[in-house]
Every structure is written in structure tokens, then in C-alpha cells.
Amino acid sequence: MKCSACGASMSPVVSDFPFKVSSRTIVIIRDVPAYECDSCAEYLFADDVMERIDALLASATRSAELEIIRYAA
Ligand SMILES: [Zn+2]
């Protein structure tokens with residue numbers, strides 16, 4: 001797995017990520033498996049992880065300004 005920004009190798013991490021789903025709503029997804037670049041701040045998600053993130057964001061409540069969801073069901 002290589003960083004698309006700088007070409008350095010990426011390490012697997014589990015972290016919390018904020019996603020802006022509308023102008024007023026931010027959804028934080030906890031404990032998301034991702035890859036973190038060793039030399040810059042770039043993050044990358046595997047395809048199946050990205051699909052699950054999309055599904056979680058689609059089901060998020062957009063009336064709240066901030067919602068926190070766990071990645072693992
Ligand atoms: Zn990088």
C-alpha cells in the first residue's frame with residue numbers, strides 16, 4: 001500500500017474520522033480501519049471500508065449538528 005500523495009509506505013491503523021455530510025452536519029465514525037502514511041498526513045480506506053462508511057453516512061441523522069457512529073455494528 002503506497003501513499004497517493006507522497007509515495008511512502010502506509011501502515012494500517014484504527015482511528016476516528018470526521019465526515020462532513022452537509023453544510024451543518026458532521027458525522028464522526030469511530031474505530032475505522034484505515035491506512036496512514038508514514039511520512040505525511042494522508043489517509044486511505046480500503047474499498048470495502050469505504051462502502052461501509054458510505055452506508056453509515058447515508059443512514060446518519062442529518063438533523064443533528066454532530067453525530068458519532070461506531071464503525072463496527
Ligand atoms: Zn504520504
# chains A, B, ... in the order shown; residues from 1 in each chain; ligands from 1
call {"tool": "residues_around", "arguments": {"residues": "Leu66 (chain A)", "least_positions_apart": "5", "cutoff": "10 Å", "atoms": "only C-alpha atoms", "output": "list in words"}}
result
Pro18, Phe19, Lys20, Arg24, Thr25, Ile26, Val27, Ile28, Ala60 and Thr61 of chain A
call {"tool": "write_last_selection", "arguments": {"atoms": "N, CA, C and O atoms", "output": "compact mmCIF listing (two decimals), in the first residue's frame"}}
result
# COMPACT_ATOMS: atom_id res chain seq x y z
N PRO A 18 -13.77 12.18 11.07
CA PRO A 18 -14.94 13.04 10.89
C PRO A 18 -15.27 13.18 9.40
O PRO A 18 -14.38 13.27 8.55
N PHE A 19 -16.57 13.15 9.09
CA PHE A 19 -17.02 13.34 7.71
C PHE A 19 -18.07 14.43 7.69
O PHE A 19 -19.03 14.40 8.46
N LYS A 20 -17.89 15.40 6.83
CA LYS A 20 -18.88 16.47 6.70
C LYS A 20 -19.92 16.01 5.69
O LYS A 20 -19.62 15.84 4.51
N ARG A 24 -24.13 21.71 7.65
CA ARG A 24 -24.29 21.85 9.09
C ARG A 24 -23.98 20.59 9.86
O ARG A 24 -23.93 20.63 11.09
N THR A 25 -23.82 19.49 9.21
CA THR A 25 -23.72 18.21 9.92
C THR A 25 -22.36 17.55 9.71
O THR A 25 -21.90 17.38 8.59
N ILE A 26 -21.75 17.17 10.84
CA ILE A 26 -20.52 16.39 10.80
C ILE A 26 -20.79 15.06 11.49
O ILE A 26 -21.38 15.01 12.58
N VAL A 27 -20.41 13.99 10.84
CA VAL A 27 -20.55 12.66 11.42
C VAL A 27 -19.15 12.15 11.74
O VAL A 27 -18.27 12.15 10.88
N ILE A 28 -18.97 11.71 12.98
CA ILE A 28 -17.69 11.10 13.36
C ILE A 28 -17.91 9.59 13.42
O ILE A 28 -18.83 9.12 14.10
N ALA A 60 -27.03 8.24 8.60
CA ALA A 60 -26.85 9.19 9.70
C ALA A 60 -28.01 10.17 9.76
O ALA A 60 -28.62 10.50 8.74
N THR A 61 -28.29 10.64 10.95
CA THR A 61 -29.34 11.64 11.15
C THR A 61 -28.81 13.00 10.76
O THR A 61 -27.87 13.49 11.38
call {"tool": "residues_around", "arguments": {"residues": "Arg52 (chain A)", "least_positions_apart": "6", "cutoff": "10 Å", "atoms": "only C-alpha atoms", "output": "list in words"}}
result
Val32, Ala58, Tyr71 and Ala72 of chain A
call {"tool": "residues_near_ligand", "arguments": {"ligand": "ligand 1", "cutoff": "6 Å", "atoms": "only C-alpha atoms and all ligand atoms", "output": "VMD selection string"}}
result
chain A and resid 3 5 to 8 37 39 to 40 42
call {"tool": "write_last_selection", "arguments": {"atoms": "all heavy atoms", "output": "compact mmCIF listing (two decimals), in the first residue's frame"}}
result
# COMPACT_ATOMS: atom_id res chain seq x y z
N CYS A 3 1.31 5.57 -0.45
CA CYS A 3 0.60 6.84 -0.33
C CYS A 3 0.41 7.48 -1.71
O CYS A 3 1.36 7.58 -2.48
CB CYS A 3 1.41 7.77 0.57
SG CYS A 3 0.68 9.41 0.72
N ALA A 5 -0.23 10.56 -2.18
CA ALA A 5 0.27 11.93 -2.14
C ALA A 5 1.79 12.00 -2.25
O ALA A 5 2.33 12.81 -2.98
CB ALA A 5 -0.20 12.63 -0.86
N CYS A 6 2.49 11.14 -1.50
CA CYS A 6 3.96 11.26 -1.46
C CYS A 6 4.69 9.97 -1.83
O CYS A 6 5.90 9.97 -1.97
CB CYS A 6 4.41 11.76 -0.09
SG CYS A 6 4.30 10.51 1.20
N GLY A 7 3.97 8.85 -1.97
CA GLY A 7 4.61 7.62 -2.41
C GLY A 7 5.25 6.79 -1.31
O GLY A 7 5.77 5.72 -1.57
N ALA A 8 5.21 7.26 -0.06
CA ALA A 8 5.76 6.50 1.06
C ALA A 8 4.84 5.33 1.38
O ALA A 8 3.69 5.28 0.94
CB ALA A 8 5.92 7.40 2.29
N CYS A 37 -0.31 7.22 6.14
CA CYS A 37 1.01 7.40 5.53
C CYS A 37 2.08 7.58 6.62
O CYS A 37 1.86 8.27 7.60
CB CYS A 37 1.00 8.61 4.61
SG CYS A 37 2.61 8.91 3.85
N SER A 39 4.86 9.18 6.25
CA SER A 39 5.61 10.43 6.18
C SER A 39 4.77 11.69 5.95
O SER A 39 5.29 12.79 6.04
CB SER A 39 6.69 10.34 5.09
OG SER A 39 6.09 10.22 3.83
N CYS A 40 3.47 11.54 5.63
CA CYS A 40 2.63 12.73 5.56
C CYS A 40 1.30 12.41 6.24
O CYS A 40 1.15 11.35 6.83
CB CYS A 40 2.43 13.21 4.12
SG CYS A 40 1.29 12.22 3.13
N GLU A 42 -1.64 11.80 5.01
CA GLU A 42 -2.62 11.19 4.13
C GLU A 42 -3.21 9.91 4.73
O GLU A 42 -2.51 9.11 5.35
CB GLU A 42 -1.94 10.86 2.79
CG GLU A 42 -2.90 10.55 1.66
CD GLU A 42 -3.56 11.79 1.07
OE1 GLU A 42 -3.22 12.91 1.49
OE2 GLU A 42 -4.43 11.61 0.21
call {"tool": "closest_residue", "arguments": {"among": "A:Val21, A:Pro33, A:Glu65, A:Ser9", "to": "Ala46 (chain A)", "atoms": "only C-alpha atoms"}}
result
A:Pro33
call {"tool": "select_by_dssp", "arguments": {"residues": "region 1-61 of chain A", "states": "helix (DSSP H, G or I)", "output": "PyMOL selection string"}}
result
chain A and resi 47-58
call {"tool": "write_last_selection", "arguments": {"atoms": "all heavy atoms", "output": "mmCIF file, in the first residue's frame"}}
result
data_model
loop_
_atom_site.group_PDB
_atom_site.id
_atom_site.type_symbol
_atom_site.label_atom_id
_atom_site.label_comp_id
_atom_site.auth_asym_id
_atom_site.auth_seq_id
_atom_site.Cartn_x
_atom_site.Cartn_y
_atom_site.Cartn_z
ATOM 1 N N ASP A 47 -11.553 -0.455 -0.213
ATOM 2 C CA ASP A 47 -12.830 -0.313 -0.910
ATOM 3 C C ASP A 47 -14.010 -0.764 -0.062
ATOM 4 O O ASP A 47 -15.045 -0.102 -0.021
ATOM 5 C CB ASP A 47 -12.813 -1.112 -2.219
ATOM 6 C CG ASP A 47 -11.937 -0.439 -3.275
ATOM 7 O OD1 ASP A 47 -11.572 0.740 -3.072
ATOM 8 O OD2 ASP A 47 -11.626 -1.087 -4.274
ATOM 9 N N ASP A 48 -13.865 -1.914 0.633
ATOM 10 C CA ASP A 48 -14.987 -2.412 1.424
ATOM 11 C C ASP A 48 -15.246 -1.518 2.634
ATOM 12 O O ASP A 48 -16.390 -1.343 3.060
ATOM 13 C CB ASP A 48 -14.754 -3.865 1.852
ATOM 14 C CG ASP A 48 -13.488 -4.037 2.683
ATOM 15 O OD1 ASP A 48 -12.525 -3.280 2.457
ATOM 16 O OD2 ASP A 48 -13.479 -4.911 3.560
ATOM 17 N N VAL A 49 -14.179 -0.909 3.166
ATOM 18 C CA VAL A 49 -14.338 0.022 4.289
ATOM 19 C C VAL A 49 -15.058 1.285 3.808
ATOM 20 O O VAL A 49 -15.970 1.797 4.455
ATOM 21 C CB VAL A 49 -12.962 0.378 4.899
ATOM 22 C CG1 VAL A 49 -13.099 1.459 5.961
ATOM 23 C CG2 VAL A 49 -12.324 -0.876 5.485
ATOM 24 N N MET A 50 -14.670 1.768 2.631
ATOM 25 C CA MET A 50 -15.305 2.957 2.052
ATOM 26 C C MET A 50 -16.798 2.715 1.814
ATOM 27 O O MET A 50 -17.627 3.588 2.069
ATOM 28 C CB MET A 50 -14.597 3.280 0.722
ATOM 29 C CG MET A 50 -14.742 4.721 0.272
ATOM 30 S SD MET A 50 -13.990 5.916 1.409
ATOM 31 C CE MET A 50 -15.379 6.999 1.666
ATOM 32 N N GLU A 51 -17.140 1.510 1.352
ATOM 33 C CA GLU A 51 -18.555 1.175 1.131
ATOM 34 C C GLU A 51 -19.337 1.221 2.438
ATOM 35 O O GLU A 51 -20.461 1.710 2.492
ATOM 36 C CB GLU A 51 -18.685 -0.222 0.508
ATOM 37 C CG GLU A 51 -18.391 -0.233 -0.975
ATOM 38 C CD GLU A 51 -18.413 -1.650 -1.544
ATOM 39 O OE1 GLU A 51 -19.034 -2.532 -0.924
ATOM 40 O OE2 GLU A 51 -17.786 -1.852 -2.593
ATOM 41 N N ARG A 52 -18.734 0.691 3.501
ATOM 42 C CA ARG A 52 -19.413 0.695 4.793
ATOM 43 C C ARG A 52 -19.540 2.124 5.336
ATOM 44 O O ARG A 52 -20.565 2.485 5.893
ATOM 45 C CB ARG A 52 -18.673 -0.206 5.786
ATOM 46 C CG ARG A 52 -19.235 -0.150 7.178
ATOM 47 C CD ARG A 52 -19.193 -1.486 7.896
ATOM 48 N NE ARG A 52 -19.688 -1.343 9.252
ATOM 49 C CZ ARG A 52 -20.980 -1.357 9.591
ATOM 50 N NH1 ARG A 52 -21.887 -1.529 8.653
ATOM 51 N NH2 ARG A 52 -21.352 -1.196 10.833
ATOM 52 N N ILE A 53 -18.509 2.933 5.129
ATOM 53 C CA ILE A 53 -18.571 4.337 5.553
ATOM 54 C C ILE A 53 -19.709 5.048 4.815
ATOM 55 O O ILE A 53 -20.502 5.768 5.426
ATOM 56 C CB ILE A 53 -17.215 5.041 5.287
ATOM 57 C CG1 ILE A 53 -16.163 4.524 6.267
ATOM 58 C CG2 ILE A 53 -17.369 6.561 5.419
ATOM 59 C CD1 ILE A 53 -14.754 4.985 5.963
ATOM 60 N N ASP A 54 -19.805 4.821 3.498
ATOM 61 C CA ASP A 54 -20.890 5.432 2.718
ATOM 62 C C ASP A 54 -22.253 5.038 3.264
ATOM 63 O O ASP A 54 -23.156 5.866 3.378
ATOM 64 C CB ASP A 54 -20.787 5.015 1.245
ATOM 65 C CG ASP A 54 -19.674 5.771 0.518
ATOM 66 O OD1 ASP A 54 -19.221 6.813 1.046
ATOM 67 O OD2 ASP A 54 -19.281 5.335 -0.567
ATOM 68 N N ALA A 55 -22.408 3.747 3.607
ATOM 69 C CA ALA A 55 -23.681 3.257 4.134
ATOM 70 C C ALA A 55 -23.982 3.890 5.490
ATOM 71 O O ALA A 55 -25.119 4.289 5.765
ATOM 72 C CB ALA A 55 -23.648 1.735 4.244
ATOM 73 N N LEU A 56 -22.969 4.001 6.341
ATOM 74 C CA LEU A 56 -23.161 4.616 7.657
ATOM 75 C C LEU A 56 -23.537 6.091 7.520
ATOM 76 O O LEU A 56 -24.429 6.583 8.217
ATOM 77 C CB LEU A 56 -21.884 4.474 8.498
ATOM 78 C CG LEU A 56 -21.582 3.071 9.026
ATOM 79 C CD1 LEU A 56 -20.174 3.023 9.610
ATOM 80 C CD2 LEU A 56 -22.595 2.647 10.073
ATOM 81 N N LEU A 57 -22.858 6.796 6.601
ATOM 82 C CA LEU A 57 -23.149 8.217 6.407
ATOM 83 C C LEU A 57 -24.549 8.406 5.844
ATOM 84 O O LEU A 57 -25.250 9.351 6.205
ATOM 85 C CB LEU A 57 -22.116 8.859 5.481
ATOM 86 C CG LEU A 57 -20.692 8.936 6.037
ATOM 87 C CD1 LEU A 57 -19.766 9.562 5.009
ATOM 88 C CD2 LEU A 57 -20.642 9.715 7.343
ATOM 89 N N ALA A 58 -24.969 7.483 4.970
ATOM 90 C CA ALA A 58 -26.303 7.577 4.366
ATOM 91 C C ALA A 58 -27.390 7.394 5.420
ATOM 92 O O ALA A 58 -28.478 7.950 5.302
ATOM 93 C CB ALA A 58 -26.445 6.536 3.266
#
call {"tool": "atom_distance", "arguments": {"atom1": "CA of Ser59 (chain A)", "atom2": "CA of Arg30 (chain A)"}}
result
15.2 Å
call {"tool": "residues_around", "arguments": {"residues": "Tyr43 (chain A)", "least_positions_apart": "6", "cutoff": "10 Å", "atoms": "only C-alpha atoms", "output": "number ranges by chain"}}
result
A: 3-5, 10-13, 17, 34-37
call {"tool": "decode", "arguments": {"residues": "region 8-21 of chain A", "atoms": "N, CA and C atoms", "output": "short mmCIF file (atom, residue, chain, number, x, y, z; two decimals), in the first residue's frame"}}
result
data_model
loop_
_atom_site.label_atom_id
_atom_site.label_comp_id
_atom_site.auth_asym_id
_atom_site.auth_seq_id
_atom_site.Cartn_x
_atom_site.Cartn_y
_atom_site.Cartn_z
N ALA A 8 5.21 7.26 -0.06
CA ALA A 8 5.76 6.50 1.06
C ALA A 8 4.84 5.33 1.38
N SER A 9 5.34 4.38 2.16
CA SER A 9 4.50 3.24 2.51
C SER A 9 3.51 3.65 3.59
N MET A 10 2.39 2.91 3.64
CA MET A 10 1.31 3.24 4.57
C MET A 10 1.14 2.11 5.57
N SER A 11 0.81 2.46 6.82
CA SER A 11 0.63 1.48 7.87
C SER A 11 -0.84 1.38 8.26
N PRO A 12 -1.31 0.15 8.55
CA PRO A 12 -2.70 0.01 8.99
C PRO A 12 -2.90 0.63 10.38
N VAL A 13 -3.97 1.38 10.52
CA VAL A 13 -4.33 1.99 11.80
C VAL A 13 -5.83 1.82 12.02
N VAL A 14 -6.26 1.99 13.26
CA VAL A 14 -7.69 2.08 13.57
C VAL A 14 -7.90 3.40 14.27
N SER A 15 -8.74 4.27 13.68
CA SER A 15 -8.86 5.61 14.22
C SER A 15 -10.27 6.16 14.02
N ASP A 16 -10.55 7.34 14.58
CA ASP A 16 -11.83 8.00 14.42
C ASP A 16 -11.71 9.03 13.29
N PHE A 17 -12.72 9.08 12.41
CA PHE A 17 -12.66 10.02 11.30
C PHE A 17 -13.92 10.86 11.22
N PRO A 18 -13.77 12.18 11.07
CA PRO A 18 -14.94 13.04 10.89
C PRO A 18 -15.27 13.18 9.40
N PHE A 19 -16.57 13.15 9.09
CA PHE A 19 -17.02 13.34 7.71
C PHE A 19 -18.07 14.43 7.69
N LYS A 20 -17.89 15.40 6.83
CA LYS A 20 -18.88 16.47 6.70
C LYS A 20 -19.92 16.01 5.69
N VAL A 21 -21.15 15.76 6.16
CA VAL A 21 -22.18 15.22 5.27
C VAL A 21 -23.11 16.29 4.74
#
